[in-house]
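J.: mmCIF, C-alpha atoms, saved as my_file-v1.cif, coming up:
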```cif
data_structure
#
loop_
_atom_site.label_atom_id
_atom_site.label_comp_id
_atom_site.auth_asym_id
_atom_site.auth_seq_id
_atom_site.Cartn_x
_atom_site.Cartn_y
_atom_site.Cartn_z
CA MET A 1 -38.94 -94.99 89.17
CA SER A 2 -36.59 -92.82 87.10
CA THR A 3 -37.08 -92.52 83.37
CA ILE A 4 -34.33 -93.48 80.96
CA SER A 5 -33.70 -89.81 80.15
CA GLU A 6 -33.05 -89.15 83.84
CA LEU A 7 -30.67 -92.09 83.96
CA GLN A 8 -28.79 -90.68 80.96
CA LEU A 9 -28.56 -87.31 82.71
CA LEU A 10 -27.08 -88.91 85.83
CA THR A 11 -24.64 -90.97 83.76
CA VAL A 12 -23.36 -87.92 81.87
CA LEU A 13 -22.96 -85.95 85.10
CA ALA A 14 -20.99 -88.82 86.63
CA GLN A 15 -18.75 -89.01 83.55
CA GLU A 16 -18.05 -85.27 83.30
CA MET A 17 -18.21 -84.27 87.00
CA ASN A 18 -18.77 -80.75 85.74
CA MET A 19 -22.12 -78.97 85.28
CA ARG A 20 -21.04 -76.89 82.27
CA LYS A 21 -19.57 -79.83 80.34
CA ALA A 22 -22.53 -82.05 81.19
CA ALA A 23 -24.98 -79.36 80.05
CA GLU A 24 -23.11 -79.04 76.73
CA ARG A 25 -23.27 -82.80 76.15
CA LEU A 26 -26.97 -82.92 77.01
CA PHE A 27 -27.78 -79.78 74.95
CA VAL A 28 -29.45 -78.00 77.86
CA THR A 29 -28.67 -74.87 79.86
CA GLN A 30 -26.88 -75.12 83.20
CA PRO A 31 -29.87 -73.70 85.15
CA ALA A 32 -32.18 -76.23 83.50
CA LEU A 33 -29.75 -79.06 84.29
CA SER A 34 -29.41 -77.89 87.89
CA GLN A 35 -33.17 -77.76 88.34
CA ARG A 36 -33.58 -81.19 86.79
CA LEU A 37 -30.91 -82.62 89.10
CA GLN A 38 -32.68 -81.17 92.14
CA THR A 39 -35.90 -82.88 91.03
CA ILE A 40 -34.11 -86.21 90.57
CA GLU A 41 -32.43 -85.94 93.98
CA LYS A 42 -35.83 -85.20 95.57
CA GLU A 43 -37.25 -88.25 93.81
CA TRP A 44 -34.45 -90.46 95.14
CA GLY A 45 -34.64 -88.82 98.56
CA ALA A 46 -30.91 -88.22 98.78
CA LYS A 47 -28.17 -85.77 97.77
CA LEU A 48 -26.32 -87.34 94.85
CA PHE A 49 -23.73 -84.68 93.93
CA ILE A 50 -21.86 -82.05 95.92
CA ARG A 51 -20.81 -78.89 94.09
CA SER A 52 -17.51 -77.11 94.66
CA GLN A 53 -15.26 -74.68 92.77
CA LYS A 54 -13.40 -77.69 91.36
CA GLY A 55 -16.57 -79.25 89.96
CA LEU A 56 -18.83 -82.04 91.18
CA ALA A 57 -18.21 -84.82 93.69
CA LEU A 58 -20.34 -87.91 94.17
CA THR A 59 -21.88 -88.69 97.53
CA ALA A 60 -22.08 -92.31 98.71
CA ALA A 61 -25.69 -92.38 97.56
CA GLY A 62 -24.65 -90.76 94.28
CA GLU A 63 -22.14 -93.53 93.61
CA MET A 64 -24.86 -96.14 94.04
CA VAL A 65 -27.45 -94.33 91.92
CA THR A 66 -25.11 -93.41 89.04
CA LYS A 67 -23.81 -97.00 88.94
CA PHE A 68 -27.42 -98.18 88.73
CA ALA A 69 -28.06 -95.62 85.96
CA ALA A 70 -25.09 -96.76 83.85
CA GLU A 71 -25.95 -100.44 84.29
CA THR A 72 -29.61 -99.85 83.39
CA ILE A 73 -28.70 -97.95 80.23
CA ALA A 74 -26.24 -100.69 79.22
CA LYS A 75 -28.94 -103.35 79.71
CA GLU A 76 -31.41 -101.32 77.66
CA GLU A 77 -28.89 -100.96 74.81
CA LYS A 78 -28.24 -104.71 74.84
CA VAL A 79 -31.97 -105.48 74.63
CA LYS A 80 -32.36 -103.01 71.76
CA GLU A 81 -29.47 -104.62 69.90
CA GLU A 82 -31.07 -108.04 70.28
CA MET A 83 -34.38 -106.62 69.05
CA PHE A 84 -32.75 -104.94 66.07
CA ALA A 85 -30.99 -108.20 65.22
CA LEU A 86 -34.44 -109.63 64.48
CA GLU A 87 -35.08 -107.05 61.79
CA GLU A 88 -33.79 -107.06 58.24
CA GLU A 89 -32.40 -103.51 58.31
CA VAL A 90 -29.15 -102.77 60.09
CA HIS A 91 -29.84 -100.74 63.23
CA GLY A 92 -28.24 -100.55 66.63
CA THR A 93 -24.88 -99.16 67.71
CA LEU A 94 -21.60 -100.48 66.34
CA LYS A 95 -19.10 -100.21 69.20
CA ILE A 96 -15.50 -100.16 67.99
CA ALA A 97 -12.21 -99.74 69.84
CA VAL A 98 -9.25 -99.21 67.53
CA ALA A 99 -5.51 -98.60 67.68
CA SER A 100 -4.99 -94.85 67.29
CA ILE A 101 -2.87 -95.03 64.13
CA VAL A 102 -5.47 -97.22 62.40
CA GLY A 103 -8.26 -94.91 63.54
CA GLN A 104 -6.45 -91.94 62.03
CA ASN A 105 -5.24 -93.43 58.74
CA TRP A 106 -7.27 -96.51 57.70
CA LEU A 107 -10.62 -96.66 59.47
CA PRO A 108 -12.18 -93.38 58.18
CA SER A 109 -12.43 -94.72 54.61
CA VAL A 110 -14.05 -97.93 55.87
CA LEU A 111 -16.52 -96.12 58.12
CA LYS A 112 -17.50 -93.82 55.28
CA ARG A 113 -18.65 -96.83 53.27
CA PHE A 114 -20.46 -98.21 56.31
CA VAL A 115 -22.46 -95.07 57.13
CA GLU A 116 -23.36 -94.53 53.48
CA LYS A 117 -24.70 -98.07 53.15
CA TYR A 118 -26.30 -98.31 56.62
CA PRO A 119 -27.47 -94.81 57.62
CA GLN A 120 -29.73 -96.19 60.38
CA ALA A 121 -26.81 -97.66 62.31
CA LYS A 122 -24.97 -95.67 64.98
CA ILE A 123 -21.26 -95.76 65.72
CA SER A 124 -19.43 -95.57 69.04
CA LEU A 125 -15.68 -95.24 68.45
CA VAL A 126 -12.78 -95.05 70.91
CA THR A 127 -9.05 -95.16 70.20
CA GLY A 128 -6.15 -96.26 72.36
CA TRP A 129 -3.40 -98.82 72.87
CA SER A 130 -3.95 -102.46 71.98
CA SER A 131 -3.97 -103.55 75.65
CA GLU A 132 -6.76 -101.05 76.36
CA ILE A 133 -8.72 -102.33 73.37
CA ILE A 134 -8.47 -105.95 74.49
CA LYS A 135 -9.61 -104.96 77.97
CA SER A 136 -12.56 -103.04 76.53
CA ILE A 137 -13.70 -106.12 74.60
CA SER A 138 -13.12 -108.43 77.55
CA THR A 139 -15.33 -106.26 79.79
CA ASP A 140 -18.10 -106.24 77.15
CA HIS A 141 -17.82 -102.48 76.52
CA THR A 142 -16.96 -102.95 72.84
CA HIS A 143 -18.24 -105.22 70.06
CA ILE A 144 -15.01 -105.38 68.05
CA GLY A 145 -11.47 -104.11 68.33
CA ILE A 146 -8.69 -103.40 65.87
CA ILE A 147 -5.22 -103.97 67.30
CA ARG A 148 -1.64 -103.78 66.05
CA GLY A 149 1.15 -106.31 66.29
CA SER A 150 1.08 -110.07 66.79
CA SER A 151 -2.22 -111.32 68.18
CA ASP A 152 -2.74 -114.19 70.66
CA TRP A 153 -6.43 -113.37 70.99
CA LYS A 154 -8.35 -116.61 71.53
CA GLY A 155 -11.72 -115.39 70.26
CA ALA A 156 -12.84 -114.53 66.73
CA LYS A 157 -10.29 -112.56 64.71
CA LEU A 158 -9.69 -111.37 61.17
CA HIS A 159 -6.32 -110.40 59.70
CA LEU A 160 -6.71 -107.01 58.03
CA PHE A 161 -3.29 -106.12 56.61
CA ASP A 162 0.47 -105.98 57.16
CA ASP A 163 2.43 -102.83 56.50
CA PRO A 164 6.21 -102.53 56.32
CA LEU A 165 8.34 -100.40 58.62
CA TYR A 166 10.50 -97.59 57.26
CA PHE A 167 13.42 -95.56 58.48
CA VAL A 168 12.33 -91.97 57.82
CA ASP A 169 14.35 -88.75 57.71
CA SER A 170 14.54 -85.50 55.77
CA GLU A 171 18.37 -85.57 55.57
CA ILE A 172 19.74 -89.09 56.13
CA SER A 173 19.45 -91.25 53.01
CA SER A 174 21.74 -94.15 54.01
CA PHE A 175 22.15 -96.21 57.18
CA ASN A 176 25.89 -95.56 57.03
CA GLN A 177 25.24 -91.91 57.89
CA LEU A 178 23.86 -92.94 61.29
CA TYR A 179 27.37 -93.67 62.54
CA THR A 180 28.37 -90.00 62.26
CA THR A 181 25.13 -88.02 62.54
CA ASN A 182 24.14 -86.00 65.60
CA ARG A 183 20.48 -85.95 64.59
CA PRO A 184 18.17 -87.40 67.26
CA PHE A 185 16.27 -90.66 66.97
CA ILE A 186 12.59 -89.84 67.64
CA GLN A 187 10.74 -92.70 69.30
CA PHE A 188 7.17 -93.07 70.53
CA LYS A 189 5.87 -95.03 73.51
CA SER A 190 3.89 -98.19 72.86
CA ASP A 191 2.41 -100.96 74.98
CA SER A 192 2.93 -103.56 72.25
CA ASN A 193 6.12 -105.32 71.15
CA TYR A 194 6.80 -102.56 68.60
CA TYR A 195 9.56 -100.94 70.68
CA GLU A 196 11.21 -104.31 71.29
CA GLU A 197 11.18 -105.12 67.56
CA ILE A 198 12.89 -101.81 66.79
CA GLN A 199 15.51 -102.37 69.50
CA VAL A 200 16.34 -105.82 68.13
CA TRP A 201 16.66 -104.46 64.59
CA TRP A 202 18.81 -101.50 65.70
CA HIS A 203 21.32 -103.57 67.70
CA ARG A 204 21.62 -106.15 64.93
CA GLN A 205 22.26 -103.36 62.44
CA PHE A 206 24.59 -101.04 64.42
CA GLN A 207 25.69 -102.71 67.71
CA ILE A 208 25.78 -99.27 69.36
CA PRO A 209 22.91 -97.13 70.65
CA PRO A 210 21.86 -93.88 68.89
CA LYS A 211 23.75 -90.79 70.06
CA LYS A 212 20.61 -88.79 70.83
CA THR A 213 16.99 -89.75 71.39
CA ILE A 214 13.67 -87.96 71.79
CA VAL A 215 10.82 -89.98 73.30
CA VAL A 216 7.24 -88.82 72.71
CA ASP A 217 3.94 -90.20 73.93
CA GLN A 218 2.15 -90.75 70.60
CA ILE A 219 3.02 -91.96 67.12
CA GLU A 220 1.33 -88.91 65.56
CA THR A 221 3.71 -86.60 67.46
CA CYS A 222 6.67 -88.72 66.35
CA LYS A 223 5.45 -88.54 62.76
CA GLN A 224 5.02 -84.76 62.76
CA LEU A 225 8.45 -84.15 64.33
CA SER A 226 10.04 -86.33 61.64
CA PHE A 227 8.09 -84.70 58.85
CA HIS A 228 9.27 -81.30 60.07
CA GLY A 229 12.92 -82.34 59.92
CA ILE A 230 13.67 -82.44 63.66
CA GLY A 231 15.13 -85.93 63.57
CA TYR A 232 14.78 -89.43 62.19
CA SER A 233 12.29 -92.11 63.19
CA ILE A 234 10.98 -95.56 62.30
CA LEU A 235 7.36 -95.54 61.19
CA PRO A 236 4.92 -97.99 59.60
CA ALA A 237 3.78 -97.41 56.03
CA ILE A 238 0.25 -96.60 57.21
CA ALA A 239 1.60 -93.40 58.79
CA LEU A 240 3.44 -92.23 55.68
CA LYS A 241 0.60 -91.57 53.25
CA GLU A 242 0.97 -87.81 53.72
CA ALA A 243 4.76 -87.80 53.72
CA ASN A 244 6.62 -85.25 51.63
CA GLN A 245 8.12 -86.76 48.48
CA ASN A 246 11.52 -85.39 49.48
CA LEU A 247 11.46 -87.39 52.72
CA HIS A 248 13.91 -90.30 52.63
CA LYS A 249 12.27 -93.68 53.36
CA ILE A 250 14.38 -96.81 53.78
CA PRO A 251 12.59 -100.14 54.37
CA LEU A 252 13.64 -102.16 57.42
CA CYS A 253 14.64 -105.79 56.81
CA ASN A 254 15.31 -108.73 59.11
CA GLU A 255 18.35 -111.02 59.14
CA LEU A 256 16.93 -112.85 56.10
CA ASN A 257 16.65 -109.55 54.21
CA GLN A 258 12.85 -109.76 54.37
CA PRO A 259 10.74 -106.66 55.08
CA ILE A 260 9.81 -106.16 58.73
CA THR A 261 6.08 -105.57 58.95
CA ARG A 262 3.37 -104.74 61.50
CA GLY A 263 0.17 -106.76 61.47
CA THR A 264 -3.30 -105.33 62.02
CA TRP A 265 -6.10 -107.55 63.36
CA LEU A 266 -9.83 -107.21 63.96
CA ILE A 267 -10.84 -109.13 67.10
CA GLY A 268 -13.95 -109.83 69.13
CA TYR A 269 -16.21 -112.53 70.53
CA GLU A 270 -18.38 -114.80 68.38
CA ALA A 271 -21.52 -113.47 70.08
CA SER A 272 -20.71 -109.92 68.95
CA PHE A 273 -19.86 -111.09 65.44
CA ARG A 274 -23.44 -112.40 65.13
CA LEU A 275 -24.96 -108.93 65.64
CA LYS A 276 -26.35 -107.49 62.40
CA GLN A 277 -24.43 -104.21 62.65
CA VAL A 278 -21.18 -106.10 63.28
CA GLN A 279 -21.83 -108.51 60.41
CA ALA A 280 -22.51 -105.55 58.13
CA PHE A 281 -19.28 -103.85 59.22
CA LEU A 282 -17.27 -107.03 58.62
CA ASP A 283 -18.72 -107.26 55.11
CA ILE A 284 -17.65 -103.66 54.45
CA VAL A 285 -14.15 -104.36 55.81
CA LYS A 286 -13.69 -107.43 53.61
CA GLU A 287 -14.96 -105.51 50.59
CA TYR A 288 -12.56 -102.63 51.33
CA ILE A 289 -9.57 -104.97 51.74
CA GLU A 290 -10.41 -106.73 48.47
CA ASP A 291 -10.70 -103.40 46.62
CA ALA A 292 -7.39 -102.19 48.10
CA SER A 293 -5.69 -105.43 47.02
CA MET A 294 -7.01 -105.12 43.48
CA ASN A 295 -5.78 -101.50 43.34
CA GLY A 296 -2.34 -102.51 44.64
CA GLU A 297 -2.63 -100.50 47.85
#
```
What would the structure in this file look like if it were written as structure tokens?

T.:
Amino acid sequence: MSTISELQLLTVLAQEMNMRKAAERLFVTQPALSQRLQTIEKEWGAKLFIRSQKGLALTAAGEMVTKFAAETIAKEEKVKEEMFALEEEVHGTLKIAVASIVGQNWLPSVLKRFVEKYPQAKISLVTGWSSEIIKSISTDHTHIGIIRGSSDWKGAKLHLFDDPLYFVDSEISSFNQLYTTNRPFIQFKSDSNYYEEIQVWWHRQFQIPPKKTIVVDQIETCKQLSFHGIGYSILPAIALKEANQNLHKIPLCNELNQPITRGTWLIGYEASFRLKQVQAFLDIVKEYIEDASMNGE
């Protein structure tokens, strides 16, 4: 029977499919990793990986064994979490999936409070699009997720904050200038309804499309291009904390002249919300939101 450390080794190899990268993650030398793999393969009685100049490839037996390894580790982690839930101290791993912009601009301050108060707890953090986050929670890979936009999540959820959208540019200071400018409109891809909201606002405001557009894959790229004066964009307030004071920011409003905002939600299942490390994180989040409200942030 393989030990847990051997199962971790196999799981890392299957994730990286590269001996050098796997050795770096496991903090061992490549020769030591190679020798250990040979021992494990002898123990299983089968070749698990095939080496080539492109990296590693799994054999049929390797696919079965590495799947077993990953599932066994996941079961062990779940048992540990249930055991830790019986104790008074907060232990275990807090698994979070978060929208990239929130992970870059809001979450670090919250996590700082969490690790300072609960140093025994571990954190597993991934960022991505809201659809990816919902999938991660649905497949039980994540305890809680933080998503952007309107939420129809049926499980447990907590509204975190709304932030207004702004038209941002280094030169244009009035919407009237958009009729004559040749500056490009910088847009970023999104899997949420963000793009649709912007399209509706634009056509209600101008009735004609922008003369030039630049489409980028991430909001951070869009932000940096705008900050460097390459063109104009529409960004949420959360992304503008580091904006130059000379940058023009015009709030977007709907047909009722009310600010257009983006919502941010924390979601998960009730079972996850009962874990001690998740409960502790939720307490920190609520405390942070209350402090931010009192400080007018």

J.: What is the CA of Asp163 (chain A) to CA of Gly263 (chain A) distance in Å?

T.: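 Answer for the CA of Asp163 (chain A) to CA of Gly263 (chain A) separation: 6.7 Å.
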
J.: For Lys241 (chain A), find every residue with an atom within 12 Å (counting all atoms listed in the file), except residues of its own chain fewer than 3 positions away, and show them as number ranges by chain.

T.: A: 101, 104-106, 163, 223, 227, 235-238, 244-245, 247, 249, 297

J.: What is the distance, in Å and to one decimal place, between CA of Val110 (chain A) and CA of Lys80 (chain A)?

T.: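 Distance reported for this atom pair: 24.8 Å.
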
J.: Name all residues at most 8 Å from region 54-63 of chain A (count only C-alpha atoms; drop same-chain ones fewer than 3 positions away) and give them as a PyMOL selection string.

T.: chain A and resi 14+17-19+46-51+66-67

J.: Under the rule that only C-alpha atoms are counted, which of A:Lys78, A:Arg20, A:Lys157, A:Arg113 is the nearest residue to Leu275 (chain A)?

T.: A:Lys78

J.: Select, from A:Ala156, A:Val102, A:Val200, A:Ala292, the residue with the minimum atom-to-atom distance to Tyr269 (chain A), counting only C-alpha atoms.

T.: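 Nearest candidate to Tyr269 (chain A) out of A:Ala156, A:Val102, A:Val200, A:Ala292: A:Ala156.
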
J.: What is the distance between CA of Trp201 (chain A) and CA of Thr221 (chain A), in Å to one decimal?

T.: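 Taking CA of Trp201 (chain A) and CA of Thr221 (chain A), their separation equals 22.2 Å.
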
J.: Neighbourhood query: residues within 12 Å of (-11.4, -95.3, 50.7), file coordinates, counting only C-alpha atoms; return as number ranges by chain.

T.: A: 105-114, 284-285, 287-292, 295, 297

J.: Could you list, as a VMD selection string, every residue within 9 Å of Arg183 (chain A), counting all atoms listed in the file and ignoring same-chain residues fewer than 6 positions away?

T.: chain A and resid 211 to 213 230 to 232

J.: For region 100-114 of chain A, what centre and edge lengths in Å (one decimal) does the axis-aligned box get once 4 Å is added on each side of all its listed atoms, as JSON?

T.:
```
{"center_x": -11.7, "center_y": -95.1, "center_z": 60.3, "size_x": 25.6, "size_y": 14.3, "size_z": 22.0}
```

J.: Using only C-alpha atoms, pick whichever of A:Ile144, A:Leu225, A:Leu165, A:Ile186 has the shortest atom-to-atom distance to Cys253 (chain A).

T.: A:Leu165

J.: I need the output of the PyMOL selection byres ((chain A and resi 158-160) around 6) for this file as a ChimeraX atom specification; which residues are they?

T.: /A:157,161,264-266

J.: For the point (-31.9, -105.4, 58.3) in file coordinates, what residues are within 12 Å, counting all atoms listed in the file? Give the answer as a compact mmCIF listing (two decimals) with C-alpha atoms, in the coordinates of the input?

T.:
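Listing of out25.txt after writing:
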```txt
# COMPACT_ATOMS: atom_id res chain seq x y z
CA GLU A 81 -29.47 -104.62 69.90
CA MET A 83 -34.38 -106.62 69.05
CA PHE A 84 -32.75 -104.94 66.07
CA ALA A 85 -30.99 -108.20 65.22
CA LEU A 86 -34.44 -109.63 64.48
CA GLU A 87 -35.08 -107.05 61.79
CA GLU A 88 -33.79 -107.06 58.24
CA GLU A 89 -32.40 -103.51 58.31
CA VAL A 90 -29.15 -102.77 60.09
CA HIS A 91 -29.84 -100.74 63.23
CA GLY A 92 -28.24 -100.55 66.63
CA LYS A 117 -24.70 -98.07 53.15
CA TYR A 118 -26.30 -98.31 56.62
CA PRO A 119 -27.47 -94.81 57.62
CA GLN A 120 -29.73 -96.19 60.38
CA ALA A 121 -26.81 -97.66 62.31
CA LEU A 275 -24.96 -108.93 65.64
CA LYS A 276 -26.35 -107.49 62.40
CA GLN A 277 -24.43 -104.21 62.65
CA VAL A 278 -21.18 -106.10 63.28
CA GLN A 279 -21.83 -108.51 60.41
CA ALA A 280 -22.51 -105.55 58.13
```

J.: Would you pick out the contacts of Ser136 (chain A) at 12 Å or less, using all atoms listed in the file, so that residues sharing its chain but fewer than 5 positions from it are not included, and give the list as a PyMOL selection string?

T.: chain A and resi 95-98+125-131+141-147+267-269

J.: Taking the file as I've supplied it (selection: the PyMOL selection byres ((chain A and resi 255) around 12)), which residues are included? Please answer as an NGL selection string.

T.: :A and (200-205 or 252-254 or 256-260)

J.: Quick one: of A:Lys189, A:Arg25, A:Lys135, A:Lys75, who's nearest to Leu13 (chain A), counting all atoms listed in the file?

T.: A:Arg25

J.: With distances taken over all atoms listed in the file, which residue among A:Gln38, A:Asn193, A:Ser226, A:Asn176 lies nearest Ser151 (chain A)?

T.: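 When distances to Ser151 (chain A) are compared using all atoms listed in the file, the smallest one comes from A:Asn193.
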
J.: Can you pull region 15-34 of chain A out of that block with N, CA, C and O atoms and hand it back as an mmCIF file, in the first residue's frame?

T.:
```cif
data_model
loop_
_atom_site.group_PDB
_atom_site.id
_atom_site.type_symbol
_atom_site.label_atom_id
_atom_site.label_comp_id
_atom_site.auth_asym_id
_atom_site.auth_seq_id
_atom_site.Cartn_x
_atom_site.Cartn_y
_atom_site.Cartn_z
ATOM 1 N N GLN A 15 -0.046 16.447 -12.290
ATOM 2 C CA GLN A 15 -0.451 17.833 -12.515
ATOM 3 C C GLN A 15 0.546 18.579 -13.388
ATOM 4 O O GLN A 15 0.164 19.340 -14.281
ATOM 5 N N GLU A 16 1.835 18.363 -13.146
ATOM 6 C CA GLU A 16 2.885 19.112 -13.855
ATOM 7 C C GLU A 16 3.279 18.458 -15.172
ATOM 8 O O GLU A 16 3.610 19.150 -16.134
ATOM 9 N N MET A 17 3.281 17.114 -15.208
ATOM 10 C CA MET A 17 3.725 16.346 -16.382
ATOM 11 C C MET A 17 5.120 16.773 -16.844
ATOM 12 O O MET A 17 5.436 16.838 -18.031
ATOM 13 N N ASN A 18 5.941 17.107 -15.842
ATOM 14 C CA ASN A 18 7.300 17.575 -16.109
ATOM 15 C C ASN A 18 8.140 17.292 -14.865
ATOM 16 O O ASN A 18 7.783 17.726 -13.766
ATOM 17 N N MET A 19 9.255 16.563 -15.025
ATOM 18 C CA MET A 19 10.061 16.153 -13.878
ATOM 19 C C MET A 19 10.668 17.348 -13.151
ATOM 20 O O MET A 19 10.687 17.408 -11.920
ATOM 21 N N ARG A 20 11.165 18.338 -13.898
ATOM 22 C CA ARG A 20 11.809 19.494 -13.274
ATOM 23 C C ARG A 20 10.814 20.291 -12.439
ATOM 24 O O ARG A 20 11.088 20.629 -11.282
ATOM 25 N N LYS A 21 9.638 20.596 -13.035
ATOM 26 C CA LYS A 21 8.646 21.375 -12.310
ATOM 27 C C LYS A 21 8.113 20.626 -11.098
ATOM 28 O O LYS A 21 7.882 21.205 -10.038
ATOM 29 N N ALA A 22 7.919 19.312 -11.255
ATOM 30 C CA ALA A 22 7.431 18.510 -10.136
ATOM 31 C C ALA A 22 8.457 18.478 -9.011
ATOM 32 O O ALA A 22 8.108 18.585 -7.829
ATOM 33 N N ALA A 23 9.736 18.348 -9.370
ATOM 34 C CA ALA A 23 10.798 18.326 -8.358
ATOM 35 C C ALA A 23 10.849 19.646 -7.594
ATOM 36 O O ALA A 23 11.044 19.669 -6.375
ATOM 37 N N GLU A 24 10.644 20.761 -8.308
ATOM 38 C CA GLU A 24 10.648 22.076 -7.658
ATOM 39 C C GLU A 24 9.488 22.194 -6.673
ATOM 40 O O GLU A 24 9.661 22.698 -5.565
ATOM 41 N N ARG A 25 8.323 21.707 -7.062
ATOM 42 C CA ARG A 25 7.161 21.775 -6.167
ATOM 43 C C ARG A 25 7.319 20.889 -4.940
ATOM 44 O O ARG A 25 6.838 21.217 -3.855
ATOM 45 N N LEU A 26 8.013 19.771 -5.128
ATOM 46 C CA LEU A 26 8.175 18.807 -4.034
ATOM 47 C C LEU A 26 9.444 19.071 -3.216
ATOM 48 O O LEU A 26 9.712 18.360 -2.251
ATOM 49 N N PHE A 27 10.245 20.061 -3.656
ATOM 50 C CA PHE A 27 11.488 20.423 -2.961
ATOM 51 C C PHE A 27 12.461 19.236 -2.875
ATOM 52 O O PHE A 27 13.035 18.943 -1.829
ATOM 53 N N VAL A 28 12.608 18.559 -4.005
ATOM 54 C CA VAL A 28 13.586 17.466 -4.103
ATOM 55 C C VAL A 28 14.358 17.647 -5.408
ATOM 56 O O VAL A 28 13.965 18.428 -6.275
ATOM 57 N N THR A 29 15.461 16.912 -5.546
ATOM 58 C CA THR A 29 16.231 16.960 -6.783
ATOM 59 C C THR A 29 15.578 16.052 -7.819
ATOM 60 O O THR A 29 14.845 15.113 -7.464
ATOM 61 N N GLN A 30 15.858 16.313 -9.091
ATOM 62 C CA GLN A 30 15.293 15.470 -10.140
ATOM 63 C C GLN A 30 15.768 14.024 -10.037
ATOM 64 O O GLN A 30 14.959 13.101 -10.198
ATOM 65 N N PRO A 31 17.065 13.771 -9.767
ATOM 66 C CA PRO A 31 17.499 12.371 -9.620
ATOM 67 C C PRO A 31 16.772 11.662 -8.476
ATOM 68 O O PRO A 31 16.393 10.496 -8.605
ATOM 69 N N ALA A 32 16.585 12.372 -7.354
ATOM 70 C CA ALA A 32 15.891 11.762 -6.220
ATOM 71 C C ALA A 32 14.435 11.459 -6.575
ATOM 72 O O ALA A 32 13.895 10.407 -6.205
ATOM 73 N N LEU A 33 13.801 12.379 -7.310
ATOM 74 C CA LEU A 33 12.412 12.174 -7.727
ATOM 75 C C LEU A 33 12.313 10.998 -8.690
ATOM 76 O O LEU A 33 11.401 10.169 -8.585
ATOM 77 N N SER A 34 13.254 10.919 -9.624
ATOM 78 C CA SER A 34 13.268 9.827 -10.595
ATOM 79 C C SER A 34 13.433 8.473 -9.906
ATOM 80 O O SER A 34 12.735 7.505 -10.232
#
```
